[in-house]
Amino acid sequence: MGVKALVADAQGAAGVRVGEVPEPVPERDEVLVEVLHASVNFGEMRYAAYRPPGTVMGHDAAGVVLRAAADGTGPPAGSRVVAFGPGAWAQQAVFGTGSVAEVPEQVDLAEAAALPMTGITALRTLRAAGPILGRRVLITGASGGVGRIAVQLARLGGAHVIASVGSPARGAGLAELGADEVVVGLDTIGRPVDVVLENVGGPHLVAAWGLLGPGGNLQSIGWASGEPAVFPPNSTFGLGPARTLSSFGDVTDTGPDLATLVGLLARGELSAEVGWRGAWDLVAEAADALFARRIPGKAVLDIPPLRDA
């Protein structure tokens, strides 16, 4: 028996199409999930047309466990869960039990689906930067999915949060989420910062590095600009405690951090920031809006249950 899924297809709109794939078969440490909602990440759509044809797309999902893991780990059948793993954009998908978290009844599954990639990225990069209480934290590309979650988490951590955006319109709502300053670009930032969460790349990354004070840390998260970063001679030298530039790519064992994020959502301390929601056959529309920077936060797809297909 097959299930429907969004698969890579260079000839499809935005490089994907709805197709039929075999029903996934879980390993002993995996749960089988009926996926009801999935969220779209910028990088997934940017490179969709380059994936092997027929690859099931996506990583972020929320739904209901159809079959518990055979090894006895993870949530039981019938549990509402949020999950992170490849092949998420399908009516049924399998996820390792270390990459799922149960979702309380008061949390909308569509909002939970918006959390995995962006929430894990924001949470782990802030954690890697060290204690942020009372520190100046700059978040570039702050109007995007990672940025809007990072602003909220940095506020919860007691930081002075500076949110940098590409235009005044893109800054809407960031002060309400916890940004102490909302700036367009970086030119108006007059004092050094202690931490940078950098989502833009290219010349923006170079400029953000120049704003770091002694001992500061820049977490290089994304490269939305697609442009190279060229550091002028001696620009990496500085007196005093060393500044550091760190990469990010750790998405292993995400379950505990997903549980943390869902818990914050359930208590009203975090907003999932869903800026677009629609049926999964409108994924090309969501991709166009993401590329044009028309979506504040995340795009969420509603996936039809297998019984309704």
# chains A, B, ... in the order shown; residues from 1 in each chain; ligands from 1
>>> closest_atom_pairs(of="stretch 270-300 of chain A", to="stretch 33-45 of chain A", cutoff="7 Å", atoms="only C-alpha atoms", output="Markdown table")
| residue | atom | partner | partner_atom | distance |
| --- | --- | --- | --- | --- |
| A:Ala287 | CA | A:Met45 | CA | 6.3 |
| A:Leu290 | CA | A:Phe42 | CA | 6.6 |
| A:Lys298 | CA | A:Ser39 | CA | 6.9 |
| A:Ala299 | CA | A:Val40 | CA | 5.5 |
| A:Val300 | CA | A:Ser39 | CA | 4.2 |
>>> residues_around(residues="A:Arg124", least_positions_apart="6", cutoff="9 Å", atoms="only C-alpha atoms", output="list in words")
Phe248, Asp250 and Asp257 of chain A
>>> select_by_dssp(residues="stretch 50-248 of chain A", states="alpha helix (DSSP H)", output="NGL selection string")
:A and (109-113 or 116-128 or 145-156 or 174-177 or 203-210)
>>> write_last_selection(atoms="N, CA and C atoms", output="compact mmCIF listing (two decimals), in the first residue's frame")
# COMPACT_ATOMS: atom_id res chain seq x y z
N LEU A 109 -1.45 21.29 16.79
CA LEU A 109 -0.41 20.52 16.10
C LEU A 109 0.23 21.31 14.96
N ALA A 110 -0.54 22.18 14.32
CA ALA A 110 0.02 22.99 13.24
C ALA A 110 1.09 23.94 13.77
N GLU A 111 0.88 24.48 14.96
CA GLU A 111 1.90 25.34 15.57
C GLU A 111 3.12 24.52 15.99
N ALA A 112 2.88 23.34 16.53
CA ALA A 112 4.00 22.48 16.91
C ALA A 112 4.86 22.13 15.71
N ALA A 113 4.22 21.93 14.56
CA ALA A 113 4.96 21.56 13.35
C ALA A 113 5.93 22.65 12.90
N PRO A 116 10.36 22.49 14.81
CA PRO A 116 11.59 21.70 14.86
C PRO A 116 12.84 22.36 14.30
N MET A 117 12.95 22.58 13.01
CA MET A 117 14.20 23.07 12.45
C MET A 117 14.58 24.45 13.01
N THR A 118 13.65 25.38 12.97
CA THR A 118 13.97 26.73 13.42
C THR A 118 14.15 26.80 14.93
N GLY A 119 13.30 26.10 15.67
CA GLY A 119 13.39 26.13 17.12
C GLY A 119 14.66 25.48 17.63
N ILE A 120 15.00 24.31 17.08
CA ILE A 120 16.23 23.62 17.49
C ILE A 120 17.44 24.49 17.16
N THR A 121 17.44 25.11 15.98
CA THR A 121 18.56 25.96 15.58
C THR A 121 18.72 27.13 16.53
N ALA A 122 17.64 27.84 16.80
CA ALA A 122 17.71 29.00 17.70
C ALA A 122 18.14 28.58 19.10
N LEU A 123 17.55 27.51 19.62
CA LEU A 123 17.85 27.07 20.98
C LEU A 123 19.31 26.64 21.11
N ARG A 124 19.79 25.84 20.17
CA ARG A 124 21.14 25.30 20.31
C ARG A 124 22.22 26.33 20.03
N THR A 125 21.98 27.27 19.15
CA THR A 125 23.00 28.29 18.91
C THR A 125 23.10 29.26 20.08
N LEU A 126 21.96 29.60 20.68
CA LEU A 126 22.01 30.43 21.89
C LEU A 126 22.70 29.70 23.03
N ARG A 127 22.40 28.43 23.16
CA ARG A 127 23.04 27.64 24.22
C ARG A 127 24.55 27.56 23.99
N ALA A 128 24.95 27.37 22.74
CA ALA A 128 26.38 27.27 22.42
C ALA A 128 27.12 28.57 22.68
N GLY A 145 12.12 32.54 10.25
CA GLY A 145 11.70 31.54 11.21
C GLY A 145 12.66 31.40 12.37
N VAL A 146 13.95 31.22 12.09
CA VAL A 146 14.94 31.10 13.16
C VAL A 146 15.00 32.40 13.97
N GLY A 147 15.01 33.53 13.27
CA GLY A 147 15.15 34.81 13.94
C GLY A 147 14.05 35.10 14.93
N ARG A 148 12.81 34.82 14.55
CA ARG A 148 11.69 35.16 15.43
C ARG A 148 11.65 34.27 16.67
N ILE A 149 12.07 33.02 16.53
CA ILE A 149 12.18 32.16 17.71
C ILE A 149 13.36 32.61 18.57
N ALA A 150 14.49 32.94 17.91
CA ALA A 150 15.68 33.34 18.65
C ALA A 150 15.44 34.61 19.46
N VAL A 151 14.71 35.56 18.91
CA VAL A 151 14.39 36.78 19.65
C VAL A 151 13.67 36.42 20.95
N GLN A 152 12.72 35.53 20.87
CA GLN A 152 11.95 35.17 22.06
C GLN A 152 12.81 34.42 23.09
N LEU A 153 13.62 33.48 22.61
CA LEU A 153 14.45 32.71 23.53
C LEU A 153 15.52 33.58 24.17
N ALA A 154 16.10 34.51 23.40
CA ALA A 154 17.10 35.42 23.96
C ALA A 154 16.47 36.32 25.02
N ARG A 155 15.25 36.75 24.78
CA ARG A 155 14.54 37.54 25.80
C ARG A 155 14.34 36.72 27.06
N LEU A 156 13.92 35.46 26.91
CA LEU A 156 13.72 34.60 28.07
C LEU A 156 15.02 34.38 28.84
N LEU A 174 8.47 42.40 16.02
CA LEU A 174 9.65 41.90 16.73
C LEU A 174 9.80 42.52 18.11
N ALA A 175 9.43 43.77 18.26
CA ALA A 175 9.48 44.38 19.60
C ALA A 175 8.52 43.66 20.54
N GLU A 176 7.35 43.30 20.04
CA GLU A 176 6.37 42.60 20.86
C GLU A 176 6.88 41.21 21.26
N LEU A 177 7.74 40.62 20.43
CA LEU A 177 8.30 39.31 20.75
C LEU A 177 9.44 39.39 21.76
N PRO A 203 28.47 39.57 2.85
CA PRO A 203 28.98 40.79 3.48
C PRO A 203 28.34 41.07 4.83
N HIS A 204 27.11 40.62 5.02
CA HIS A 204 26.42 40.82 6.29
C HIS A 204 27.16 40.12 7.42
N LEU A 205 27.64 38.92 7.16
CA LEU A 205 28.40 38.18 8.17
C LEU A 205 29.68 38.93 8.53
N VAL A 206 30.36 39.45 7.51
CA VAL A 206 31.60 40.20 7.74
C VAL A 206 31.33 41.43 8.61
N ALA A 207 30.25 42.16 8.29
CA ALA A 207 29.91 43.34 9.07
C ALA A 207 29.54 42.97 10.50
N ALA A 208 28.81 41.86 10.67
CA ALA A 208 28.42 41.43 12.02
C ALA A 208 29.66 41.04 12.83
N TRP A 209 30.62 40.40 12.19
CA TRP A 209 31.87 40.06 12.88
C TRP A 209 32.56 41.32 13.40
N GLY A 210 32.50 42.38 12.62
CA GLY A 210 33.13 43.63 13.03
C GLY A 210 32.48 44.28 14.22
>>> residues_around(residues="stretch 27-32 of chain A", least_positions_apart="5", cutoff="9 Å", atoms="only C-alpha atoms", output="MDAnalysis selection string")
chainID A and resid 64:77 92:98 100
>>> write_last_selection(atoms="C-alpha atoms", output="compact mmCIF listing (two decimals), in the first residue's frame")
# COMPACT_ATOMS: atom_id res chain seq x y z
CA VAL A 64 -0.29 11.15 15.68
CA VAL A 65 1.70 7.99 16.38
CA LEU A 66 0.20 5.07 14.45
CA ARG A 67 2.70 2.46 15.61
CA ALA A 68 4.97 2.65 18.65
CA ALA A 69 8.63 1.68 18.42
CA ALA A 70 9.20 -2.05 18.65
CA ASP A 71 12.03 -1.60 21.16
CA GLY A 72 9.66 -0.05 23.70
CA THR A 73 11.14 3.45 23.60
CA GLY A 74 9.26 6.60 22.69
CA PRO A 75 5.59 7.55 22.86
CA PRO A 76 2.78 4.97 22.55
CA ALA A 77 0.35 4.68 19.66
CA GLN A 92 2.96 8.68 6.94
CA ALA A 93 6.59 9.01 8.04
CA VAL A 94 9.00 7.29 10.41
CA PHE A 95 11.10 9.07 13.02
CA GLY A 96 13.65 7.86 15.55
CA THR A 97 12.28 7.97 19.08
CA GLY A 98 15.09 10.32 20.03
CA VAL A 100 10.08 13.13 18.72
>>> closest_residue(among="A:Ala224, A:Ala179, A:Gly19, A:Met1", to="A:Ala292", atoms="only C-alpha atoms")
A:Ala224
>>> decode(residues="stretch 75-91 of chain A", atoms="all heavy atoms", output="CSV table (one decimal), in the first residue's frame")
chain,number,residue,atom,x,y,z
A,75,PRO,N,7.0,7.4,22.5
A,75,PRO,CA,5.6,7.5,22.9
A,75,PRO,C,4.8,6.4,22.3
A,75,PRO,O,5.1,5.8,21.3
A,75,PRO,CB,5.2,8.9,22.2
A,75,PRO,CG,6.1,9.0,21.1
A,75,PRO,CD,7.4,8.4,21.5
A,76,PRO,N,3.6,6.1,23.0
A,76,PRO,CA,2.8,5.0,22.6
A,76,PRO,C,1.9,5.4,21.4
A,76,PRO,O,1.8,6.6,21.1
A,76,PRO,CB,1.9,4.7,23.8
A,76,PRO,CG,1.9,6.0,24.5
A,76,PRO,CD,3.2,6.6,24.3
A,77,ALA,N,1.3,4.4,20.7
A,77,ALA,CA,0.3,4.7,19.7
A,77,ALA,C,-0.8,5.6,20.2
A,77,ALA,O,-1.2,5.5,21.3
A,77,ALA,CB,-0.2,3.4,19.1
A,78,GLY,N,-1.2,6.5,19.3
A,78,GLY,CA,-2.2,7.5,19.7
A,78,GLY,C,-1.7,8.8,20.2
A,78,GLY,O,-2.5,9.7,20.4
A,79,SER,N,-0.4,8.9,20.5
A,79,SER,CA,0.1,10.1,21.1
A,79,SER,C,0.2,11.2,20.0
A,79,SER,O,0.6,10.9,18.8
A,79,SER,CB,1.5,9.8,21.6
A,79,SER,OG,1.5,8.9,22.6
A,80,ARG,N,-0.1,12.4,20.4
A,80,ARG,CA,0.1,13.6,19.5
A,80,ARG,C,1.6,14.0,19.7
A,80,ARG,O,2.1,14.1,20.8
A,80,ARG,CB,-0.7,14.7,20.0
A,80,ARG,CG,-2.2,14.4,20.0
A,80,ARG,CD,-3.0,15.5,20.7
A,80,ARG,NE,-3.2,16.7,19.8
A,80,ARG,CZ,-2.8,17.9,20.1
A,80,ARG,NH1,-2.0,18.1,21.2
A,80,ARG,NH2,-3.1,18.9,19.3
A,81,VAL,N,2.3,14.1,18.5
A,81,VAL,CA,3.8,14.3,18.6
A,81,VAL,C,4.2,15.4,17.6
A,81,VAL,O,3.5,15.6,16.6
A,81,VAL,CB,4.6,13.0,18.3
A,81,VAL,CG1,4.3,12.0,19.4
A,81,VAL,CG2,4.2,12.4,17.0
A,82,VAL,N,5.4,16.0,17.9
A,82,VAL,CA,6.1,16.8,17.0
A,82,VAL,C,7.4,16.0,16.7
A,82,VAL,O,7.9,15.3,17.6
A,82,VAL,CB,6.4,18.2,17.5
A,82,VAL,CG1,7.2,18.1,18.8
A,82,VAL,CG2,7.1,19.0,16.5
A,83,ALA,N,7.9,16.1,15.4
A,83,ALA,CA,9.0,15.2,15.1
A,83,ALA,C,9.9,15.9,14.1
A,83,ALA,O,9.5,16.8,13.4
A,83,ALA,CB,8.5,13.9,14.4
A,84,PHE,N,11.2,15.5,14.1
A,84,PHE,CA,12.2,16.0,13.2
A,84,PHE,C,12.9,14.9,12.6
A,84,PHE,O,13.5,14.0,13.2
A,84,PHE,CB,13.2,16.9,14.0
A,84,PHE,CG,14.3,17.5,13.1
A,84,PHE,CD1,14.0,18.6,12.3
A,84,PHE,CD2,15.5,16.8,12.9
A,84,PHE,CE1,15.0,19.2,11.5
A,84,PHE,CE2,16.5,17.3,12.1
A,84,PHE,CZ,16.2,18.5,11.4
A,85,GLY,N,13.0,14.9,11.2
A,85,GLY,CA,13.7,13.9,10.5
A,85,GLY,C,13.4,13.9,9.0
A,85,GLY,O,12.4,14.5,8.6
A,86,PRO,N,14.3,13.3,8.2
A,86,PRO,CA,14.1,13.4,6.7
A,86,PRO,C,12.8,12.6,6.3
A,86,PRO,O,12.4,11.7,7.0
A,86,PRO,CB,15.4,12.7,6.2
A,86,PRO,CG,15.9,11.8,7.3
A,86,PRO,CD,15.5,12.6,8.6
A,87,GLY,N,12.2,13.1,5.2
A,87,GLY,CA,11.1,12.4,4.7
A,87,GLY,C,9.8,12.7,5.4
A,87,GLY,O,8.9,11.9,5.5
A,88,ALA,N,9.7,13.9,6.0
A,88,ALA,CA,8.6,14.3,6.8
A,88,ALA,C,7.3,14.7,6.1
A,88,ALA,O,6.2,14.6,6.6
A,88,ALA,CB,9.0,15.5,7.8
A,89,TRP,N,7.5,15.1,4.8
A,89,TRP,CA,6.3,15.6,4.1
A,89,TRP,C,5.6,14.5,3.4
A,89,TRP,O,5.5,14.4,2.2
A,89,TRP,CB,6.8,16.7,3.0
A,89,TRP,CG,7.4,17.9,3.7
A,89,TRP,CD1,7.5,18.2,5.0
A,89,TRP,CD2,8.0,19.0,2.9
A,89,TRP,NE1,8.1,19.4,5.1
A,89,TRP,CE2,8.4,19.9,3.9
A,89,TRP,CE3,8.2,19.2,1.6
A,89,TRP,CZ2,9.0,21.1,3.5
A,89,TRP,CZ3,8.8,20.4,1.2
A,89,TRP,CH2,9.2,21.3,2.2
A,90,ALA,N,5.0,13.7,4.2
A,90,ALA,CA,4.2,12.5,3.7
A,90,ALA,C,3.1,12.2,4.6
A,90,ALA,O,3.1,12.6,5.8
A,90,ALA,CB,5.1,11.3,3.5
A,91,GLN,N,2.1,11.5,4.1
A,91,GLN,CA,0.9,11.2,5.0
A,91,GLN,C,1.3,10.3,6.1
A,91,GLN,O,0.7,10.3,7.2
A,91,GLN,CB,-0.2,10.5,4.1
A,91,GLN,CG,-0.8,11.5,3.1
A,91,GLN,CD,-1.8,10.8,2.3
A,91,GLN,OE1,-1.5,9.7,1.7
A,91,GLN,NE2,-3.0,11.3,2.2
